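For reference, coords-v9.txt (compact mmCIF, C-alpha atoms):
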# COMPACT_ATOMS: atom_id res chain seq x y z
CA MET A 5 -46.41 -64.91 145.76
CA PRO A 6 -44.15 -65.43 142.76
CA ASP A 7 -45.87 -65.52 139.37
CA ARG A 8 -43.84 -68.44 138.09
CA GLN A 9 -42.52 -71.74 139.33
CA PRO A 10 -38.92 -72.88 138.82
CA THR A 11 -38.28 -75.62 136.30
CA ARG A 12 -37.04 -78.51 138.36
CA SER A 13 -35.75 -80.95 135.73
CA PRO A 14 -33.17 -80.40 132.96
CA GLN A 15 -35.48 -82.22 130.55
CA HIS A 16 -38.24 -79.66 131.14
CA ALA A 17 -35.76 -76.79 130.94
CA ARG A 18 -34.74 -77.88 127.46
CA GLY A 19 -38.14 -76.74 126.25
CA HIS A 20 -37.23 -73.15 127.14
CA ARG A 21 -34.40 -73.05 124.60
CA PRO A 22 -34.76 -70.06 122.21
CA ALA A 23 -35.12 -70.77 118.51
CA ASP A 24 -32.13 -68.57 117.68
CA GLY A 25 -29.69 -67.69 120.44
CA ARG A 26 -26.98 -68.90 122.77
CA VAL A 27 -27.88 -70.81 125.92
CA GLY A 28 -25.58 -70.41 128.89
CA PHE A 29 -25.47 -72.69 131.93
CA ALA A 30 -24.12 -72.13 135.42
CA THR A 31 -24.45 -74.25 138.51
CA GLY A 32 -23.89 -73.94 142.23
CA ALA A 33 -25.41 -74.35 145.68
CA PHE A 34 -26.24 -70.62 146.05
CA ASP A 35 -26.54 -71.00 149.80
CA LEU A 36 -26.80 -67.76 151.80
CA PHE A 37 -27.09 -65.88 148.50
CA ASP A 38 -24.91 -62.75 148.43
CA ALA A 39 -23.86 -59.92 146.10
CA THR A 40 -20.86 -61.86 144.76
CA GLN A 41 -23.09 -64.69 143.53
CA LEU A 42 -25.53 -62.17 142.07
CA HIS A 43 -22.77 -60.40 140.14
CA LEU A 44 -21.52 -63.71 138.76
CA LEU A 45 -24.96 -64.61 137.45
CA GLU A 46 -25.46 -61.12 136.00
CA ASP A 47 -22.11 -61.43 134.23
CA ALA A 48 -23.10 -64.83 132.86
CA SER A 49 -26.48 -63.50 131.71
CA SER A 50 -24.81 -60.66 129.78
CA ARG A 51 -22.83 -63.21 127.76
CA CYS A 52 -25.70 -65.33 126.44
CA ASP A 53 -29.29 -65.08 125.21
CA LEU A 54 -30.82 -67.43 127.77
CA LEU A 55 -29.25 -68.27 131.12
CA CYS A 56 -30.13 -71.59 132.71
CA VAL A 57 -28.91 -72.00 136.29
CA GLY A 58 -28.58 -75.34 138.03
CA VAL A 59 -29.08 -75.39 141.81
CA THR A 60 -27.52 -78.37 143.57
CA THR A 61 -29.76 -80.42 145.82
CA ASP A 62 -29.12 -80.60 149.55
CA GLU A 63 -27.70 -84.12 149.20
CA LEU A 64 -25.28 -83.18 146.42
CA ALA A 65 -24.15 -80.00 148.18
CA GLU A 66 -23.47 -81.96 151.36
CA ARG A 67 -21.50 -84.57 149.43
CA LEU A 68 -19.42 -81.92 147.69
CA HIS A 69 -18.76 -79.55 150.59
CA GLY A 70 -19.12 -81.80 153.63
CA VAL A 71 -21.91 -79.72 155.14
CA ARG A 72 -25.60 -79.42 154.43
CA PRO A 73 -26.71 -76.00 153.11
CA VAL A 74 -28.27 -73.61 155.62
CA VAL A 75 -31.06 -72.66 153.25
CA PRO A 76 -33.19 -75.64 152.13
CA PHE A 77 -33.01 -76.66 148.48
CA SER A 78 -36.56 -75.64 147.58
CA GLU A 79 -35.96 -72.11 148.86
CA ARG A 80 -32.58 -71.81 147.14
CA LEU A 81 -34.13 -72.92 143.87
CA LEU A 82 -36.97 -70.41 144.24
CA ILE A 83 -34.60 -67.53 145.08
CA VAL A 84 -32.45 -68.20 142.02
CA SER A 85 -35.47 -68.61 139.74
CA GLU A 86 -36.79 -65.17 140.77
CA LEU A 87 -33.62 -63.32 139.76
CA ARG A 88 -34.09 -61.08 136.73
CA CYS A 89 -30.82 -62.29 135.21
CA VAL A 90 -31.91 -65.95 135.37
CA ASP A 91 -34.24 -67.26 132.68
CA VAL A 92 -34.55 -70.87 133.87
CA ALA A 93 -33.62 -72.56 137.16
CA VAL A 94 -33.26 -76.33 137.42
CA ALA A 95 -32.39 -78.88 140.05
CA VAL A 96 -28.97 -80.54 139.75
CA GLU A 97 -28.43 -83.92 141.38
CA HIS A 98 -24.97 -84.81 140.02
CA THR A 99 -21.74 -83.14 138.85
CA ASP A 100 -21.40 -84.72 135.41
CA ALA A 101 -21.22 -81.69 133.09
CA LEU A 102 -21.40 -83.86 129.97
CA GLU A 103 -24.59 -85.54 131.16
CA LEU A 104 -26.08 -82.13 131.96
CA TRP A 105 -25.18 -80.99 128.46
CA GLU A 106 -26.96 -84.03 127.02
CA SER A 107 -30.10 -82.90 128.84
CA LEU A 108 -29.89 -79.13 128.33
CA ARG A 109 -27.77 -78.72 125.16
CA PHE A 110 -26.30 -75.43 126.38
CA ASP A 111 -23.78 -73.55 124.22
CA GLU A 112 -21.63 -72.12 126.99
CA LEU A 113 -20.75 -73.30 130.49
CA PHE A 114 -20.00 -70.61 133.08
CA VAL A 115 -17.73 -71.56 135.96
CA ASP A 116 -16.89 -69.61 139.10
CA ASP A 117 -13.13 -69.09 139.00
CA ARG A 118 -12.92 -70.02 142.69
CA ALA A 119 -14.01 -73.56 141.86
CA PRO A 120 -11.35 -76.24 141.26
CA ALA A 121 -10.43 -76.56 137.58
CA ASP A 122 -11.39 -79.72 135.69
CA PRO A 123 -9.29 -79.56 132.47
CA ALA A 124 -10.37 -82.99 131.22
CA THR A 125 -14.08 -82.17 131.32
CA GLU A 126 -13.51 -78.70 129.87
CA ASP A 127 -11.50 -80.12 126.98
CA ARG A 128 -14.25 -82.65 126.27
CA LEU A 129 -16.87 -79.89 126.25
CA LEU A 130 -14.74 -77.81 123.89
CA GLU A 131 -14.48 -80.80 121.54
CA ILE A 132 -18.27 -81.00 121.24
CA GLY A 133 -18.54 -77.25 120.62
CA VAL A 134 -19.37 -75.96 124.11
CA ASP A 135 -17.50 -72.85 125.23
CA VAL A 136 -16.24 -72.81 128.82
CA THR A 137 -15.98 -69.38 130.42
CA HIS A 138 -14.56 -68.85 133.90
CA LEU A 139 -16.05 -65.80 135.57
CA HIS A 140 -13.93 -63.71 137.90
CA THR A 141 -14.98 -62.63 141.34
CA ALA A 142 -13.90 -59.34 142.86
CA ALA A 143 -11.42 -61.22 145.01
CA SER A 144 -9.53 -62.57 142.03
CA ALA A 145 -9.92 -59.96 139.33
CA GLY A 146 -6.28 -58.96 139.27
CA PRO A 147 -2.83 -59.99 140.42
CA ASP A 148 -2.92 -57.78 143.50
CA ALA A 149 -6.63 -57.97 144.24
CA ALA A 150 -6.13 -60.25 147.22
CA GLY A 151 -3.35 -58.06 148.57
CA GLU A 152 -0.34 -60.19 147.68
CA PRO A 153 2.70 -58.01 146.83
CA ASP A 154 4.15 -60.42 144.27
CA VAL A 155 2.62 -63.33 142.40
CA SER A 156 4.54 -65.97 140.48
CA VAL A 157 4.27 -66.51 136.75
CA ARG A 158 2.73 -69.93 137.40
CA THR A 159 0.04 -68.42 139.63
CA HIS A 160 -0.81 -65.84 136.99
CA HIS A 161 -0.93 -68.60 134.39
CA GLN A 162 -3.38 -70.60 136.49
CA ARG A 163 -5.61 -67.55 136.85
CA LEU A 164 -5.45 -66.94 133.12
CA ARG A 165 -6.58 -70.49 132.46
CA THR A 166 -9.87 -69.49 134.07
CA ALA A 167 -10.17 -66.22 132.12
CA GLN A 168 -10.23 -67.37 128.50
CA LYS A 169 -12.54 -66.02 125.83
CA PRO A 170 -15.00 -68.42 124.21
CA SER A 171 -13.47 -70.55 121.45
CA ARG A 172 -16.47 -70.29 119.11
CA GLY A 173 -15.45 -68.64 115.84
CA VAL A 174 -11.75 -69.24 116.49
CA SER A 175 -9.47 -71.43 114.38
CA LEU A 176 -7.79 -74.54 115.68
CA TYR A 177 -4.37 -72.84 115.64
CA SER A 178 -5.55 -69.89 117.72
CA SER A 179 -7.35 -72.01 120.31
CA ARG A 180 -4.78 -74.79 120.63
CA VAL A 181 -1.46 -72.99 119.94
CA ASN A 182 -1.64 -69.21 120.01
CA ARG A 183 -3.83 -68.65 123.04
CA PRO A 184 -1.87 -71.07 125.25
CA ALA A 185 1.39 -69.41 124.15
CA GLY A 186 -0.10 -65.98 124.78
CA ARG A 187 -1.25 -67.16 128.19
CA TRP A 188 2.34 -67.77 129.30
CA LEU A 189 3.48 -64.44 127.85
CA ALA A 190 0.64 -62.65 129.64
CA ALA A 191 1.53 -64.40 132.90
CA LEU A 192 5.14 -63.30 132.53
CA ALA A 193 4.04 -59.75 131.71
CA ALA A 194 1.79 -59.68 134.78
CA ALA A 195 4.68 -60.81 136.98
CA LEU A 196 6.78 -58.00 135.47
CA ARG A 197 3.90 -55.56 136.07
CA MET A 198 3.61 -54.66 132.40
CA THR A 199 0.46 -53.10 130.97
CA PRO A 200 -1.66 -54.46 128.09
CA ASP A 201 -0.66 -51.49 125.92
CA GLN A 202 3.01 -52.30 126.45
CA LEU A 203 2.38 -55.82 125.17
CA THR A 204 0.55 -54.40 122.15
CA TRP A 205 3.56 -52.23 121.30
CA ALA A 206 5.87 -55.21 121.84
CA SER A 207 3.77 -57.21 119.39
CA ALA A 208 3.99 -54.36 116.86
CA LEU A 209 7.78 -54.11 117.14
CA VAL A 210 8.31 -57.87 116.84
CA SER A 211 5.98 -57.90 113.82
CA LEU A 212 8.09 -55.20 112.16
CA VAL A 213 11.16 -57.38 112.61
CA GLY A 214 9.34 -60.23 110.86
CA VAL A 215 8.23 -57.89 108.07
CA ALA A 216 11.81 -56.68 107.60
CA LEU A 217 13.03 -60.29 107.32
CA VAL A 218 10.58 -60.78 104.45
CA ALA A 219 11.12 -57.49 102.62
CA LEU A 220 14.86 -56.78 102.87
CA PRO A 221 17.12 -59.87 102.57
CA GLU A 222 17.19 -62.20 99.61
CA PRO A 223 14.65 -64.99 100.19
CA SER A 224 16.35 -68.04 101.67
CA PRO A 225 15.42 -71.01 103.86
CA LEU A 226 17.07 -69.30 106.86
CA THR A 227 15.25 -65.99 106.48
CA GLY A 228 12.03 -67.91 105.94
CA VAL A 229 12.39 -69.84 109.19
CA LEU A 230 13.38 -66.69 111.09
CA ALA A 231 10.45 -64.74 109.65
CA ALA A 232 7.97 -67.51 110.48
CA VAL A 233 9.20 -67.79 114.09
CA VAL A 234 9.25 -64.03 114.65
CA LEU A 235 5.79 -63.51 113.14
CA ALA A 236 4.37 -66.37 115.23
CA ALA A 237 5.90 -64.82 118.37
CA ALA A 238 4.34 -61.46 117.50
CA PHE A 239 0.97 -63.16 117.07
CA ALA A 240 1.31 -64.75 120.51
CA LEU A 241 2.07 -61.31 121.98
CA ASP A 242 -1.05 -60.02 120.24
CA SER A 243 -3.06 -62.66 122.10
CA ALA A 244 -1.25 -61.90 125.35
CA ASP A 245 -2.28 -58.25 125.58
CA GLY A 246 -5.98 -59.09 125.74
CA GLN A 247 -5.40 -61.88 128.24
CA LEU A 248 -3.36 -59.55 130.43
CA ALA A 249 -6.18 -57.00 130.30
CA ARG A 250 -8.70 -59.61 131.47
CA LEU A 251 -6.36 -60.77 134.22
CA THR A 252 -5.57 -57.34 135.66
CA GLY A 253 -8.73 -55.48 134.77
CA GLY A 254 -6.52 -53.02 132.90
CA GLY A 255 -8.37 -53.10 129.60
CA SER A 256 -9.77 -49.91 128.10
CA ALA A 257 -11.45 -48.60 124.97
CA ALA A 258 -8.18 -46.89 124.05
CA GLY A 259 -6.32 -50.18 124.43
CA GLU A 260 -8.82 -52.01 122.24
CA TRP A 261 -8.50 -49.26 119.62
CA LEU A 262 -4.71 -49.49 119.71
CA ASP A 263 -4.82 -53.26 119.33
CA HIS A 264 -7.07 -53.02 116.26
CA VAL A 265 -4.93 -50.32 114.66
CA VAL A 266 -1.78 -52.39 115.17
CA ASP A 267 -3.48 -55.49 113.74
CA CYS A 268 -4.44 -53.56 110.60
CA ALA A 269 -0.94 -52.12 110.23
CA VAL A 270 0.66 -55.55 110.57
CA LYS A 271 -1.58 -57.03 107.86
CA ILE A 272 -0.76 -54.18 105.47
CA CYS A 273 2.97 -54.29 106.17
CA LEU A 274 3.30 -58.08 105.87
CA HIS A 275 1.65 -58.41 102.48
CA SER A 276 3.38 -55.25 101.27
CA ALA A 277 6.67 -56.89 102.24
CA VAL A 278 5.82 -59.89 100.05
CA LEU A 279 4.99 -57.52 97.20
CA VAL A 280 8.30 -55.64 97.60
CA ALA A 281 10.35 -58.84 97.84
CA TRP A 282 8.71 -60.38 94.78
CA TYR A 283 9.22 -57.18 92.78
CA ARG A 284 12.90 -57.03 93.79
CA THR A 285 13.53 -60.65 92.85
CA GLY A 286 11.86 -60.46 89.43
CA VAL A 287 8.76 -62.54 90.09
CA PRO A 288 6.40 -62.45 87.04
CA ALA A 289 4.16 -59.39 87.10
CA GLY A 290 0.94 -61.39 87.41
CA TRP A 291 2.01 -62.75 90.77
CA LEU A 292 2.33 -59.20 92.14
CA LEU A 293 -1.46 -59.01 92.16
CA VAL A 294 -1.66 -61.78 94.77
CA PRO A 295 -0.35 -59.72 97.74
CA LEU A 296 -2.72 -56.91 96.72
CA LEU A 297 -5.65 -59.34 96.69
CA PHE A 298 -4.50 -60.82 99.99
CA VAL A 299 -4.26 -57.49 101.84
CA LEU A 300 -7.62 -56.37 100.45
CA ALA A 301 -9.41 -59.56 101.51
CA SER A 302 -7.76 -59.75 104.94
CA LEU A 303 -8.47 -56.12 105.82
CA VAL A 304 -12.09 -56.19 104.66
CA LEU A 305 -12.62 -59.49 106.51
CA PHE A 306 -11.08 -58.09 109.71
CA GLN A 307 -12.85 -54.74 109.60
CA GLY A 308 -16.13 -56.19 108.36
CA GLY A 309 -16.27 -58.65 111.24
CA THR A 310 -15.28 -56.02 113.80
CA LEU A 311 -17.89 -53.54 112.57
CA ALA A 312 -20.63 -56.17 112.36
CA ALA A 313 -19.92 -57.22 115.95
CA LYS A 314 -20.06 -53.61 117.17
CA LEU A 315 -23.32 -52.85 115.35
CA LEU A 316 -24.97 -56.02 116.60
CA GLU A 317 -23.68 -55.45 120.12
CA ALA A 318 -25.10 -51.92 120.15
CA ARG A 319 -28.43 -53.23 118.89
CA SER A 320 -28.60 -56.08 121.38
CA SER A 321 -27.53 -53.94 124.34
CA THR A 322 -26.13 -56.34 126.93
CA ARG A 323 -26.33 -59.52 124.89
CA THR A 324 -23.28 -60.85 123.10
CA PRO A 325 -24.05 -61.03 119.37
CA ALA A 326 -23.14 -63.86 117.06
CA THR A 327 -21.28 -62.51 114.04
CA GLY A 328 -21.11 -65.61 111.87
CA ALA A 329 -17.58 -66.91 112.31
CA GLY A 330 -18.93 -69.41 114.82
CA ARG A 331 -20.80 -71.07 111.94
CA LEU A 332 -17.47 -72.18 110.45
CA SER A 333 -15.55 -75.05 112.00
CA PRO A 334 -12.16 -74.40 113.64
CA VAL A 335 -10.53 -76.38 110.82
CA LEU A 336 -12.17 -74.33 108.05
CA LEU A 337 -10.94 -71.15 109.73
CA LEU A 338 -7.30 -72.28 109.64
CA PRO A 339 -6.46 -70.67 106.25
CA VAL A 340 -7.54 -67.23 107.54
CA ASP A 341 -5.63 -67.53 110.81
CA HIS A 342 -2.62 -65.21 111.11
CA GLY A 343 -0.65 -68.01 112.74
CA VAL A 344 -1.09 -70.25 109.70
CA ILE A 345 -0.07 -67.38 107.43
CA SER A 346 3.04 -66.92 109.56
CA ALA A 347 3.83 -70.63 109.30
CA ALA A 348 3.60 -70.41 105.51
CA PHE A 349 6.80 -68.34 105.53
CA LEU A 350 8.69 -71.50 106.44
CA LEU A 351 8.53 -72.01 102.65
CA TRP A 352 9.78 -68.49 101.88
CA GLY A 353 13.15 -69.80 100.72
CA PHE A 354 11.45 -72.14 98.24
CA PRO A 355 9.57 -69.84 95.82
CA ARG A 356 8.00 -72.65 93.79
CA LEU A 357 6.37 -73.94 96.98
CA PHE A 358 5.64 -70.66 98.74
CA ALA A 359 3.88 -68.93 95.82
CA PRO A 360 1.06 -71.48 95.33
CA VAL A 361 0.57 -71.84 99.11
CA TYR A 362 0.38 -68.06 99.46
CA LEU A 363 -2.10 -67.88 96.58
CA ALA A 364 -4.25 -70.61 98.14
CA LEU A 365 -4.35 -68.72 101.44
CA ALA A 366 -5.34 -65.52 99.62
CA LEU A 367 -8.17 -67.30 97.80
CA ALA A 368 -9.31 -68.84 101.10
CA HIS A 369 -9.56 -65.33 102.54
CA VAL A 370 -11.72 -64.28 99.60
CA ALA A 371 -13.99 -67.31 99.99
CA VAL A 372 -14.47 -66.80 103.74
CA LEU A 373 -14.98 -63.06 103.20
CA LEU A 374 -17.76 -63.69 100.68
CA ALA A 375 -19.48 -66.24 102.91
CA LEU A 376 -19.35 -64.13 106.06
CA SER A 377 -20.18 -60.85 104.31
CA ARG A 378 -23.39 -62.40 103.04
CA HIS A 379 -24.23 -63.56 106.56
CA TRP A 380 -23.36 -60.21 108.16
CA TYR A 381 -25.45 -58.24 105.66
CA ARG A 382 -28.45 -60.50 106.11
CA GLN A 383 -28.15 -60.43 109.89
CA LEU A 384 -27.91 -56.64 110.01
CA SER A 385 -30.75 -56.26 107.49
CA ARG A 386 -32.98 -58.60 109.49
CA ASP A 387 -32.24 -57.18 112.92
CA GLY A 388 -31.84 -53.56 111.90
CA ALA A 389 -28.90 -51.31 112.67
CA PRO A 390 -29.09 -49.19 115.83
Please go through the file and, once you have read it, give me the structure as structure tokens.
Amino acid sequence: MPDRQPTRSPQHARGHRPADGRVGFATGAFDLFDATQLHLLEDASSRCDLLCVGVTTDELAERLHGVRPVVPFSERLLIVSELRCVDVAVAVEHTDALELWESLRFDELFVDDRAPADPATEDRLLEIGVDVTHLHTAASAGPDAAGEPDVSVRTHHQRLRTAQKPSRGVSLYSSRVNRPAGRWLAALAAALRMTPDQLTWASALVSLVGVALVALPEPSPLTGVLAAVVLAAAFALDSADGQLARLTGGGSAAGEWLDHVVDCAVKICLHSAVLVAWYRTGVPAGWLLVPLLFVLASLVLFQGGTLAAKLLEARSSTRTPATGAGRLSPVLLLPVDHGVISAAFLLWGFPRLFAPVYLALALAHVAVLLALSRHWYRQLSRDGAP
């Protein structure tokens, strides 16, 4: 006999919430439970600290699918509750995700990518701070997984919509502008059978064009607009390589390393270009310290966050660590977003406007760096490095 009973109501399940950790939620009928469903739940469990799974009642499953489940509800609920990857199992009598969130207060909703998309509900959940993660099945992990010789850009784009990273700790520009743009670029790259590394190199080359537009010509409104557009395009390509890797399953440790190296190089080159251009055009010497401050703060912020995430991930084994950026709102993260920095170059041809904006962005980097560094140090000191 099992040594525990499943929690049948969402209200009772809310009492299982950990004091400090992310709660994930997934729901389904789980009729004739198979390996695919098990792998989905294991994947969901690896992405949160407590996984709550909702099992639809017989009546709801029949209403949704037109047929009553083979396995009775009570048995399906018991089977799911006994899985090692499931912390809490609850009964689900309706499909209103927002109402379920009111009862359970989960931080992340996991959705089977074979299920029909509901953009309106997902957008509403994102607005209240709930991440929506679509989990891939083996049958849809890549563009050729189902055996189709060619897949359209639109089909790839639809698949990518269900393969997005959580939006927690991401600025409003990245979540609402850059990721959607990168999604289309990744879909196009998938249709052209490109690899994630090829997109990373494309992002690097386009970034160098933007850097050259800042460093070499005399600052003007035209070069400013061109630089801003080119840098924004490079940033979208930088988002696309990771999305392509998730779509095709072509990601690797080497690819992640290359992406991080390119990101660091772009940050150094861009602010160095500002320094060179200001020196060439006779900007007062004091202002030349601003690009140096900017590149220092941006690199330490980037590398500090990356290293903290890796150390916490190693310590927590399969659990996804929180590294602190999620504590800041998407609006507060805007000044440290590379897309916003790129947009600032629209003012490049107007030095009296660009200089104070650039300084403000640099100081914002310093402020965010100080806040997050304090959090990272305390978190690593409390939890202990591996």
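Using all atoms listed in the file, the shortest contact distance between His69 of chain A and any of A:Cys89, A:Val134, A:Ala39, A:Ala33 is found at A:Ala33.
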Between A:His43, A:His379, A:Leu55, A:Gly32, which residue has the minimum interatomic distance to Arg80 of chain A, considering all atoms listed in the file?
A:Gly32
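Residue nearest Ile132 of chain A, chosen from A:Gly214, A:Pro339, A:Gly58, A:Pro334 and counting all atoms listed in the file: A:Pro334.
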Go through segment 178-218 of chain A and flag each residue having an atom no more than 9 Å from segment 236-257 of chain A; for those, report the closest pair of atoms plus their distance in Å to one decimal, using only C-alpha atoms, ordered by chain and rising number, as CSV.
residue,atom,partner,partner_atom,distance
A:Ser178,CA,A:Ser243,CA,8.8
A:Val181,CA,A:Ala240,CA,8.7
A:Asn182,CA,A:Ala240,CA,5.4
A:Arg183,CA,A:Ser243,CA,6.1
A:Pro184,CA,A:Ala240,CA,8.5
A:Ala185,CA,A:Ala240,CA,5.9
A:Gly186,CA,A:Ala244,CA,4.3
A:Arg187,CA,A:Ala244,CA,6.0
A:Trp188,CA,A:Ala244,CA,7.9
A:Leu189,CA,A:Ala244,CA,5.9
A:Ala190,CA,A:Ala244,CA,4.7
A:Ala191,CA,A:Leu248,CA,7.3
A:Ala193,CA,A:Leu248,CA,7.5
A:Ala194,CA,A:Leu248,CA,6.7
A:Met198,CA,A:Leu248,CA,8.7
A:Thr199,CA,A:Gly254,CA,7.2
A:Pro200,CA,A:Asp245,CA,4.6
A:Asp201,CA,A:Asp245,CA,7.0
A:Gln202,CA,A:Asp245,CA,8.0
A:Leu203,CA,A:Asp245,CA,5.3
A:Thr204,CA,A:Asp245,CA,5.9
A:Ala206,CA,A:Leu241,CA,7.2
A:Ser207,CA,A:Ala238,CA,4.7
A:Ala208,CA,A:Ala238,CA,7.1
A:Leu209,CA,A:Ala238,CA,8.1
A:Val210,CA,A:Ala238,CA,5.4
A:Ser211,CA,A:Ala238,CA,5.4
A:Gly214,CA,A:Ala238,CA,8.4
Would you list the contacts of segment 274-280 of chain A as a VMD selection string, taking every protein, DNA or RNA residue within 12 Å and counting only C-alpha atoms, but skipping same-chain residues closer than 2 positions in sequence?
chain A and resid 208 211 to 223 228 231 to 232 235 267 to 272 282 to 303 342 345 to 346 349 352 355 358 to 359 362 to 363 365 to 366
Kindly indicate which residue among A:Val84, A:Val157, A:Leu376, A:Leu338 lies nearest to Gly309 of chain A, using only C-alpha atoms for the distances.
A:Leu376
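Distance-wise, atom CA of Val74 of chain A and atom CA of Phe37 of chain A end up 10.6 Å apart.
Reported to one decimal place, the separation of atom CA of Ala348 of chain A from atom CA of Tyr177 of chain A is 13.1 Å.
For the pair atom CA of Gly259 of chain A and atom CA of Ala312 of chain A, the separation is 19.7 Å.
Of the listed residues (A:Val136, A:Leu130, A:Arg88, A:Leu332), A:Leu130 comes nearest to Arg180 of chain A; the distances count all atoms listed in the file.
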Coordinates of box centre and edge lengths for segment 234-238 of chain A, 5 Å on every side, axis-aligned, as AutoDock Vina command-line options:
--center_x 6.8 --center_y -63.9 --center_z 115.8 --size_x 14.9 --size_y 14.9 --size_z 15.2
In terms of all atoms listed in the file, the residue from A:His264, A:Arg67, A:Arg72, A:His369 at minimal distance from Trp205 of chain A is A:His264
Mind listing as an mmCIF file with C-alpha atoms, in the frame of the given file all residues within 8 Å of (-29.9, -71.6, 133.5), counting all atoms listed in the file?
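Now in selection-v8.cif:
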data_model
loop_
_atom_site.group_PDB
_atom_site.id
_atom_site.type_symbol
_atom_site.label_atom_id
_atom_site.label_comp_id
_atom_site.auth_asym_id
_atom_site.auth_seq_id
_atom_site.Cartn_x
_atom_site.Cartn_y
_atom_site.Cartn_z
ATOM 1 C CA VAL A 27 -27.880 -70.810 125.920
ATOM 2 C CA GLY A 28 -25.580 -70.410 128.890
ATOM 3 C CA PHE A 29 -25.470 -72.690 131.930
ATOM 4 C CA ALA A 30 -24.120 -72.130 135.420
ATOM 5 C CA THR A 31 -24.450 -74.250 138.510
ATOM 6 C CA LEU A 54 -30.820 -67.430 127.770
ATOM 7 C CA LEU A 55 -29.250 -68.270 131.120
ATOM 8 C CA CYS A 56 -30.130 -71.590 132.710
ATOM 9 C CA VAL A 57 -28.910 -72.000 136.290
ATOM 10 C CA GLY A 58 -28.580 -75.340 138.030
ATOM 11 C CA VAL A 90 -31.910 -65.950 135.370
ATOM 12 C CA ASP A 91 -34.240 -67.260 132.680
ATOM 13 C CA VAL A 92 -34.550 -70.870 133.870
ATOM 14 C CA ALA A 93 -33.620 -72.560 137.160
ATOM 15 C CA VAL A 94 -33.260 -76.330 137.420
#
